[in-house]
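Trainee: As input, take input-v6.txt (compact mmCIF, C-alpha atoms and all ligand atoms):
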```txt
# COMPACT_ATOMS: atom_id res chain seq x y z
CA MET A 265 13.23 1.43 13.29
CA SER A 266 14.88 -1.03 10.89
CA PRO A 267 12.60 -2.86 8.48
CA GLU A 268 11.38 -6.35 9.37
CA ILE A 269 12.22 -8.57 6.42
CA ARG A 270 10.19 -11.79 6.37
CA VAL A 271 11.15 -14.28 3.67
CA LEU A 272 8.49 -16.91 2.95
CA ALA A 273 8.84 -20.10 0.97
CA SER A 274 6.08 -19.20 -1.49
CA SER A 275 3.85 -16.35 -2.58
CA GLN A 276 0.88 -18.09 -0.97
CA GLU A 277 2.69 -17.98 2.35
CA VAL A 278 3.39 -14.27 1.83
CA PHE A 279 -0.36 -13.70 1.51
CA GLU A 280 -1.07 -15.86 4.55
CA LEU A 281 1.40 -13.91 6.67
CA ALA A 282 0.01 -10.62 5.38
CA ALA A 283 -3.57 -11.70 6.11
CA GLU A 284 -2.69 -12.73 9.65
CA GLU A 285 -0.90 -9.40 10.17
CA PHE A 286 -3.87 -7.49 8.75
CA VAL A 287 -6.28 -9.30 11.11
CA ARG A 288 -4.01 -8.81 14.12
CA GLN A 289 -3.50 -5.12 13.45
CA THR A 290 -7.16 -4.49 12.68
CA ASN A 291 -8.47 -6.13 15.84
CA ASP A 292 -5.80 -4.42 17.93
CA ALA A 293 -6.63 -0.98 16.52
CA VAL A 294 -10.38 -1.46 16.81
CA SER A 295 -10.11 -2.66 20.41
CA LYS A 296 -7.90 0.32 21.33
CA ARG A 297 -9.32 3.12 19.16
CA GLY A 298 -12.55 1.81 17.73
CA ARG A 299 -11.39 1.96 14.11
CA PHE A 300 -8.72 0.82 11.64
CA THR A 301 -7.58 2.97 8.73
CA VAL A 302 -5.86 1.22 5.84
CA ALA A 303 -4.61 2.39 2.46
CA LEU A 304 -4.83 -0.47 -0.02
CA SER A 305 -2.20 -1.18 -2.62
CA GLY A 306 -2.90 -1.66 -6.27
CA GLY A 307 -1.26 -3.75 -8.93
CA SER A 308 -1.75 -7.52 -9.15
CA THR A 309 0.11 -8.84 -6.09
CA PRO A 310 -2.34 -7.84 -3.33
CA LYS A 311 -5.37 -9.38 -5.08
CA ALA A 312 -4.54 -12.77 -3.55
CA LEU A 313 -4.37 -11.16 -0.10
CA TYR A 314 -7.77 -9.55 -0.57
CA GLN A 315 -9.23 -12.87 -1.70
CA LEU A 316 -7.71 -14.65 1.30
CA LEU A 317 -9.25 -12.11 3.68
CA VAL A 318 -12.64 -12.96 2.19
CA GLU A 319 -12.20 -16.73 2.04
CA ARG A 320 -10.52 -17.33 5.39
CA TYR A 321 -10.83 -14.32 7.65
CA ALA A 322 -14.17 -12.70 6.86
CA ALA A 323 -15.66 -13.79 10.18
CA LYS A 324 -12.62 -12.53 12.13
CA LEU A 325 -12.69 -8.93 10.99
CA PRO A 326 -14.83 -6.05 12.31
CA TRP A 327 -15.67 -4.82 8.81
CA ALA A 328 -17.85 -1.93 9.96
CA GLN A 329 -14.90 -0.41 11.84
CA ILE A 330 -12.44 -0.54 8.94
CA PHE A 331 -11.96 2.57 6.78
CA PHE A 332 -10.56 1.86 3.32
CA PHE A 333 -8.42 4.24 1.33
CA TRP A 334 -5.99 3.79 -1.57
CA GLY A 335 -2.26 4.45 -1.70
CA ASP A 336 -2.43 5.23 -5.37
CA GLU A 337 -4.61 4.94 -8.43
CA ARG A 338 -4.38 5.00 -12.16
CA HIS A 339 -6.10 8.00 -13.76
CA VAL A 340 -8.88 5.89 -15.20
CA PRO A 341 -12.61 5.62 -14.30
CA PRO A 342 -13.39 3.45 -11.24
CA ASP A 343 -14.92 0.73 -13.42
CA HIS A 344 -11.92 0.58 -15.76
CA PRO A 345 -10.03 -2.78 -15.93
CA ASP A 346 -6.84 -0.99 -14.78
CA SER A 347 -8.49 0.61 -11.74
CA ASN A 348 -7.00 -0.35 -8.37
CA TYR A 349 -10.36 0.48 -6.83
CA ARG A 350 -12.15 -1.91 -9.19
CA MET A 351 -9.68 -4.71 -8.36
CA ALA A 352 -10.18 -4.25 -4.61
CA LYS A 353 -13.94 -3.95 -5.00
CA GLU A 354 -14.17 -7.17 -7.01
CA ALA A 355 -11.72 -9.15 -4.86
CA LEU A 356 -12.74 -7.84 -1.43
CA LEU A 357 -15.15 -4.97 -0.88
CA SER A 358 -18.09 -6.44 -2.79
CA LYS A 359 -17.79 -9.66 -0.78
CA VAL A 360 -17.69 -8.40 2.82
CA PRO A 361 -20.06 -6.15 4.82
CA VAL A 362 -18.17 -2.86 4.50
CA PRO A 363 -20.51 0.14 4.61
CA THR A 364 -20.04 2.18 1.44
CA GLU A 365 -19.51 5.31 3.53
CA LYS A 366 -16.33 3.70 4.89
CA VAL A 367 -14.74 3.28 1.45
CA PHE A 368 -12.85 6.35 0.22
CA ARG A 369 -11.74 5.79 -3.36
CA ILE A 370 -9.68 8.32 -5.30
CA PRO A 371 -12.12 10.27 -7.56
CA THR A 372 -10.52 9.40 -10.89
CA GLU A 373 -13.69 10.20 -12.81
CA GLU A 374 -12.44 13.77 -12.48
CA LYS A 375 -10.89 14.39 -15.90
CA ASP A 376 -8.28 16.76 -14.50
CA ALA A 377 -5.77 14.61 -12.57
CA VAL A 378 -4.53 17.55 -10.52
CA ARG A 379 -8.08 18.32 -9.39
CA ALA A 380 -8.65 14.64 -8.57
CA ALA A 381 -5.55 14.64 -6.38
CA ALA A 382 -6.61 17.86 -4.67
CA SER A 383 -10.07 16.44 -4.04
CA TYR A 384 -8.65 13.29 -2.42
CA GLU A 385 -6.34 15.43 -0.34
CA GLN A 386 -9.39 17.27 0.99
CA THR A 387 -11.05 13.94 1.76
CA LEU A 388 -8.02 12.94 3.84
CA ARG A 389 -7.81 16.33 5.58
CA LYS A 390 -11.49 16.12 6.52
CA PHE A 391 -11.46 12.48 7.62
CA PHE A 392 -8.31 12.78 9.74
CA LYS A 393 -9.32 16.27 10.96
CA LEU A 394 -5.92 17.66 10.00
CA LYS A 395 -4.68 21.12 10.88
CA PRO A 396 -2.56 22.95 8.24
CA GLY A 397 0.84 21.28 7.98
CA GLU A 398 -0.34 18.02 9.53
CA PHE A 399 -0.19 14.64 7.81
CA PRO A 400 -2.64 11.74 8.24
CA ARG A 401 -1.40 8.73 10.20
CA PHE A 402 -2.79 5.55 8.67
CA ASP A 403 -2.78 2.46 10.85
CA LEU A 404 -1.56 0.48 7.86
CA ILE A 405 -0.45 1.25 4.33
CA LEU A 406 -0.11 -1.74 2.03
CA LEU A 407 2.46 -1.32 -0.72
CA GLY A 408 3.84 -3.29 -3.62
CA MET A 409 7.05 -2.73 -5.50
CA GLY A 410 7.68 -2.72 -9.22
CA PRO A 411 10.74 -4.29 -10.92
CA ASP A 412 12.10 -0.74 -11.17
CA GLY A 413 11.81 -0.18 -7.43
CA HIS A 414 8.78 2.10 -7.61
CA THR A 415 6.11 1.89 -4.96
CA ALA A 416 2.60 3.30 -4.92
CA SER A 417 2.91 5.62 -7.92
CA LEU A 418 6.25 6.99 -6.82
CA PHE A 419 8.28 6.14 -9.89
CA PRO A 420 12.01 6.70 -10.30
CA HIS A 421 13.09 10.30 -10.98
CA THR A 422 9.51 11.66 -10.94
CA ASP A 423 8.36 14.92 -9.41
CA ALA A 424 6.27 13.24 -6.70
CA LEU A 425 9.45 12.03 -4.97
CA GLN A 426 10.27 15.62 -4.03
CA GLU A 427 6.86 16.50 -2.58
CA LYS A 428 7.13 17.66 1.02
CA THR A 429 3.82 19.36 1.79
CA ARG A 430 0.94 17.95 -0.22
CA LEU A 431 -0.76 14.68 0.79
CA VAL A 432 -1.78 13.52 -2.68
CA VAL A 433 -0.35 14.45 -6.07
CA ALA A 434 -0.93 13.73 -9.74
CA ASN A 435 2.40 12.30 -10.85
CA TRP A 436 3.14 12.33 -14.61
CA ILE A 437 4.68 9.01 -15.62
CA GLU A 438 6.52 9.49 -18.91
CA LYS A 439 6.71 5.81 -19.80
CA PHE A 440 2.95 5.46 -19.48
CA GLN A 441 2.25 8.89 -20.95
CA ALA A 442 -0.30 9.17 -18.17
CA TYR A 443 -0.86 10.60 -14.73
CA ARG A 444 -0.96 8.40 -11.65
CA LEU A 445 -2.50 9.64 -8.40
CA THR A 446 -0.48 8.84 -5.31
CA LEU A 447 -0.07 9.43 -1.63
CA THR A 448 3.14 11.34 -1.07
CA LEU A 449 6.12 10.26 1.00
CA PRO A 450 5.28 12.52 3.96
CA VAL A 451 1.96 10.64 4.25
CA ILE A 452 3.44 7.18 3.73
CA ASN A 453 6.24 7.95 6.20
CA ASN A 454 3.74 9.09 8.80
CA SER A 455 2.02 5.71 8.85
CA ALA A 456 2.03 3.49 11.93
CA CYS A 457 2.88 0.52 9.72
CA VAL A 458 3.80 -0.04 6.09
CA MET A 459 3.65 -3.58 4.78
CA PHE A 460 5.24 -4.38 1.44
CA LEU A 461 4.14 -7.50 -0.39
CA VAL A 462 6.74 -8.52 -2.96
CA THR A 463 6.77 -11.79 -4.86
CA GLY A 464 8.40 -13.12 -7.99
CA SER A 465 11.87 -13.33 -9.46
CA ASP A 466 11.32 -10.19 -11.54
CA LYS A 467 11.51 -8.19 -8.30
CA ALA A 468 14.77 -9.72 -7.02
CA ALA A 469 17.19 -7.19 -8.51
CA ALA A 470 15.17 -4.18 -7.34
CA LEU A 471 14.67 -5.70 -3.89
CA ARG A 472 18.42 -6.00 -3.46
CA GLU A 473 18.89 -2.39 -4.59
CA VAL A 474 16.22 -1.21 -2.16
CA LEU A 475 17.19 -3.28 0.87
CA ALA A 476 20.86 -4.03 0.51
CA SER A 477 22.63 -1.38 -1.49
CA ASP A 478 23.53 2.29 -1.35
CA SER A 479 22.01 3.02 -4.76
CA PRO A 480 20.44 6.46 -5.13
CA ALA A 481 17.02 6.48 -3.50
CA ASP A 482 15.35 8.40 -6.31
CA GLN A 483 16.39 5.58 -8.63
CA PHE A 484 14.64 3.03 -6.38
CA PRO A 485 11.85 4.99 -4.66
CA ALA A 486 10.80 2.18 -2.31
CA LYS A 487 14.04 3.06 -0.46
CA LEU A 488 12.39 6.35 0.51
CA VAL A 489 9.73 4.59 2.58
CA GLN A 490 11.14 5.04 6.06
CA PRO A 491 8.35 5.84 8.52
CA LEU A 492 9.50 8.31 11.15
CA ASN A 493 7.57 6.56 13.90
CA GLY A 494 6.25 3.39 12.37
CA LYS A 495 7.04 -0.16 11.40
CA VAL A 496 7.99 -1.47 7.97
CA ILE A 497 7.34 -5.10 7.20
CA TRP A 498 8.65 -6.64 3.99
CA ALA A 499 6.75 -9.86 3.30
CA VAL A 500 8.62 -11.37 0.38
CA ASP A 501 8.88 -14.78 -1.16
CA ARG A 502 12.12 -16.64 -1.73
CA THR A 503 12.26 -15.88 -5.43
CA ALA A 504 12.01 -12.14 -4.81
CA ALA A 505 14.60 -12.45 -2.02
CA ALA A 506 17.02 -14.50 -4.13
CA SER A 507 19.51 -11.64 -4.58
CA LEU A 508 19.48 -10.42 -0.98
CA PRO A 509 22.67 -11.04 0.97
CA PRO A 510 21.92 -13.39 3.92
CA THR A 511 23.02 -10.69 6.35
CA SER A 512 20.09 -8.50 5.31
CA ILE A 513 17.47 -11.11 6.16
CA GLN A 514 16.36 -11.32 9.76
CA ARG A 515 13.90 -14.16 9.39
CA ILE A 516 13.45 -16.92 6.87
CA GLU A 517 10.14 -18.32 7.92
CA PRO A 518 9.83 -22.07 8.50
CA ILE A 519 7.54 -23.84 6.07
CA ARG A 520 4.08 -23.03 7.44
CA ASN A 521 1.81 -25.90 8.42
CA LYS A 522 -1.09 -26.03 6.00
C1 LIG A 601 -0.06 0.14 -8.95
C2 LIG A 601 0.63 -0.09 -7.64
C3 LIG A 601 2.08 -0.30 -7.88
C4 LIG A 601 2.30 -1.78 -7.67
C5 LIG A 601 3.61 -2.21 -8.24
C6 LIG A 601 3.72 -3.74 -8.21
O1 LIG A 601 -0.96 0.99 -9.03
O2 LIG A 601 0.28 -0.61 -9.88
O3 LIG A 601 0.37 0.78 -6.72
O4 LIG A 601 2.94 0.41 -7.05
O5 LIG A 601 2.24 -2.08 -6.28
O6 LIG A 601 3.68 -1.77 -9.59
O7 LIG A 601 2.72 -4.24 -9.07
P1 LIG A 601 2.43 -5.81 -9.14
O8 LIG A 601 1.86 -6.19 -7.82
O9 LIG A 601 1.41 -5.94 -10.25
O10 LIG A 601 3.74 -6.49 -9.43
```
As structure tokens, how would this structure be written, given the file I've shared?
Ligand code: 6PG

Mentor:
Amino acid sequence: MSPEIRVLASSQEVFELAAEEFVRQTNDAVSKRGRFTVALSGGSTPKALYQLLVERYAAKLPWAQIFFFWGDERHVPPDHPDSNYRMAKEALLSKVPVPTEKVFRIPTEEKDAVRAAASYEQTLRKFFKLKPGEFPRFDLILLGMGPDGHTASLFPHTDALQEKTRLVVANWIEKFQAYRLTLTLPVINNSACVMFLVTGSDKAAALREVLASDSPADQFPAKLVQPLNGKVIWAVDRTAAASLPPTSIQRIEPIRNK
């Protein structure tokens, strides 16, 4: 299934589209299956989406039927300023009625990153009731993309890109001299939907490499996100899309009524 590339006039409109998609997918999943499983993205971009869900959509979401996971995490304590969990908790989870037992953060208080990854993998295996060799199928995985084309904590030329069997790995990132914990590509590519939120001119070059070039995928890991049986939505603003050839864009959204 080819990716759906939605170009919005502004970052605010990216967040509005993403929020509407989140609400639609959540209510659809809950009505059909009684639950919605989502892996949240980290970094700074999604914070505005989380805040919008609180400010504008809180009453439209069945919070008690949503199960929250993370696509990746820095190897820092959950109350650390760099923690993706802390950002989501402050922007979203502390402001809506999500039962704590439905929030599955990555246990980064575990000093050994490999053990933390293995522990989260067991959490996923138990929650999704996986048999050996099976991968979880999230309803939605939210992703961002770095200026180098990384996504989650799948950085260029890192070991995690080659992982074919594990669900979660501790990925050593040389430039940070630190581990990052990340879902692996088999998990991401087993998702029913992946939605990328990409804004800002600093992402334009990488977005072109990922969406409109035949550059090596391990140089721009977001290229490797190709769900076998799922949808990919790229919600990007015009500045991030500035280097995309027009032929690669299916929809440039009309200016949305406020
Ligand atoms: C993280 C994210 C990472 C992020 C990109 C984009 O832990 O930082 O998972 O993949 O999505 O680096 O980050 P920004 O949204 O801050 O540009």

Trainee: Pick out the residues no farther than 7 Å from ligand LIG 601 (chain A), counting all atoms listed in the file, and list them as a CSV table (one decimal) with C-alpha atoms, keeping the file's coordinate frame.

Mentor:
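New file result37.csv:
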```
chain,number,residue,atom,x,y,z
A,305,SER,CA,-2.2,-1.2,-2.6
A,306,GLY,CA,-2.9,-1.7,-6.3
A,307,GLY,CA,-1.3,-3.8,-8.9
A,308,SER,CA,-1.8,-7.5,-9.2
A,309,THR,CA,0.1,-8.8,-6.1
A,310,PRO,CA,-2.3,-7.8,-3.3
A,335,GLY,CA,-2.3,4.4,-1.7
A,336,ASP,CA,-2.4,5.2,-5.4
A,337,GLU,CA,-4.6,4.9,-8.4
A,338,ARG,CA,-4.4,5.0,-12.2
A,348,ASN,CA,-7.0,-0.4,-8.4
A,407,LEU,CA,2.5,-1.3,-0.7
A,408,GLY,CA,3.8,-3.3,-3.6
A,409,MET,CA,7.0,-2.7,-5.5
A,410,GLY,CA,7.7,-2.7,-9.2
A,414,HIS,CA,8.8,2.1,-7.6
A,415,THR,CA,6.1,1.9,-5.0
A,416,ALA,CA,2.6,3.3,-4.9
A,417,SER,CA,2.9,5.6,-7.9
```

Trainee: Around the point (10.4, -8.3, -2.5) (coordinates from the file), which residues reach within 7 Å if we count only C-alpha atoms? Answer as a list in words.

Mentor: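 Taken together, the residues in range are Leu461, Val462, Thr463, Lys467, Ala468, Leu471, Trp498, Val500, Asp501, Ala504 and Ala505 of chain A.
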
Trainee: Taking only residues of region 321-406 of chain A that have an atom at most 12 Å from an atom of region 494-497 of chain A, what is each one's shortest atom pair and its distance in Å to one decimal, using all atoms listed in the file, in chain and number order, as JSON lines?

Mentor:
```
{"residue": "A:Arg401", "atom": "CA", "partner": "A:Gly494", "partner_atom": "CA", "distance": 9.6}
{"residue": "A:Phe402", "atom": "CA", "partner": "A:Gly494", "partner_atom": "CA", "distance": 10.0}
{"residue": "A:Asp403", "atom": "CA", "partner": "A:Gly494", "partner_atom": "CA", "distance": 9.2}
{"residue": "A:Leu404", "atom": "CA", "partner": "A:Lys495", "partner_atom": "CA", "distance": 9.3}
{"residue": "A:Ile405", "atom": "CA", "partner": "A:Val496", "partner_atom": "CA", "distance": 9.6}
{"residue": "A:Leu406", "atom": "CA", "partner": "A:Ile497", "partner_atom": "CA", "distance": 9.7}
```

Trainee: To one decimal place in Å, what is the distance between CA of Ala328 (chain A) and CA of Asp292 (chain A)?

Mentor: 14.7 Å

Trainee: Against region 380-389 of chain A, which residues of region 419-516 of chain A fall within 6 Å? For each one I want the closest pair of atoms and the distance in Å (one decimal), counting only C-alpha atoms, rows by chain and increasing residue number, as JSON lines.

Mentor:
```
{"residue": "A:Leu431", "atom": "CA", "partner": "A:Glu385", "partner_atom": "CA", "distance": 5.7}
{"residue": "A:Val432", "atom": "CA", "partner": "A:Ala381", "partner_atom": "CA", "distance": 5.4}
{"residue": "A:Val433", "atom": "CA", "partner": "A:Ala381", "partner_atom": "CA", "distance": 5.2}
{"residue": "A:Ala434", "atom": "CA", "partner": "A:Ala381", "partner_atom": "CA", "distance": 5.8}
```

Trainee: Which distance in Å separates CA of Glu319 (chain A) and CA of Leu357 (chain A), to one decimal?

Mentor: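 Separation between CA of Glu319 (chain A) and CA of Leu357 (chain A): 12.5 Å.
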
Trainee: Of the residues A:Tyr443, A:Phe333, A:Phe399, A:Tyr321, which is the one nearest to Asp376 (chain A), using all atoms listed in the file?

Mentor: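 Counting all atoms listed in the file, the residue closest to Asp376 (chain A) is A:Tyr443.
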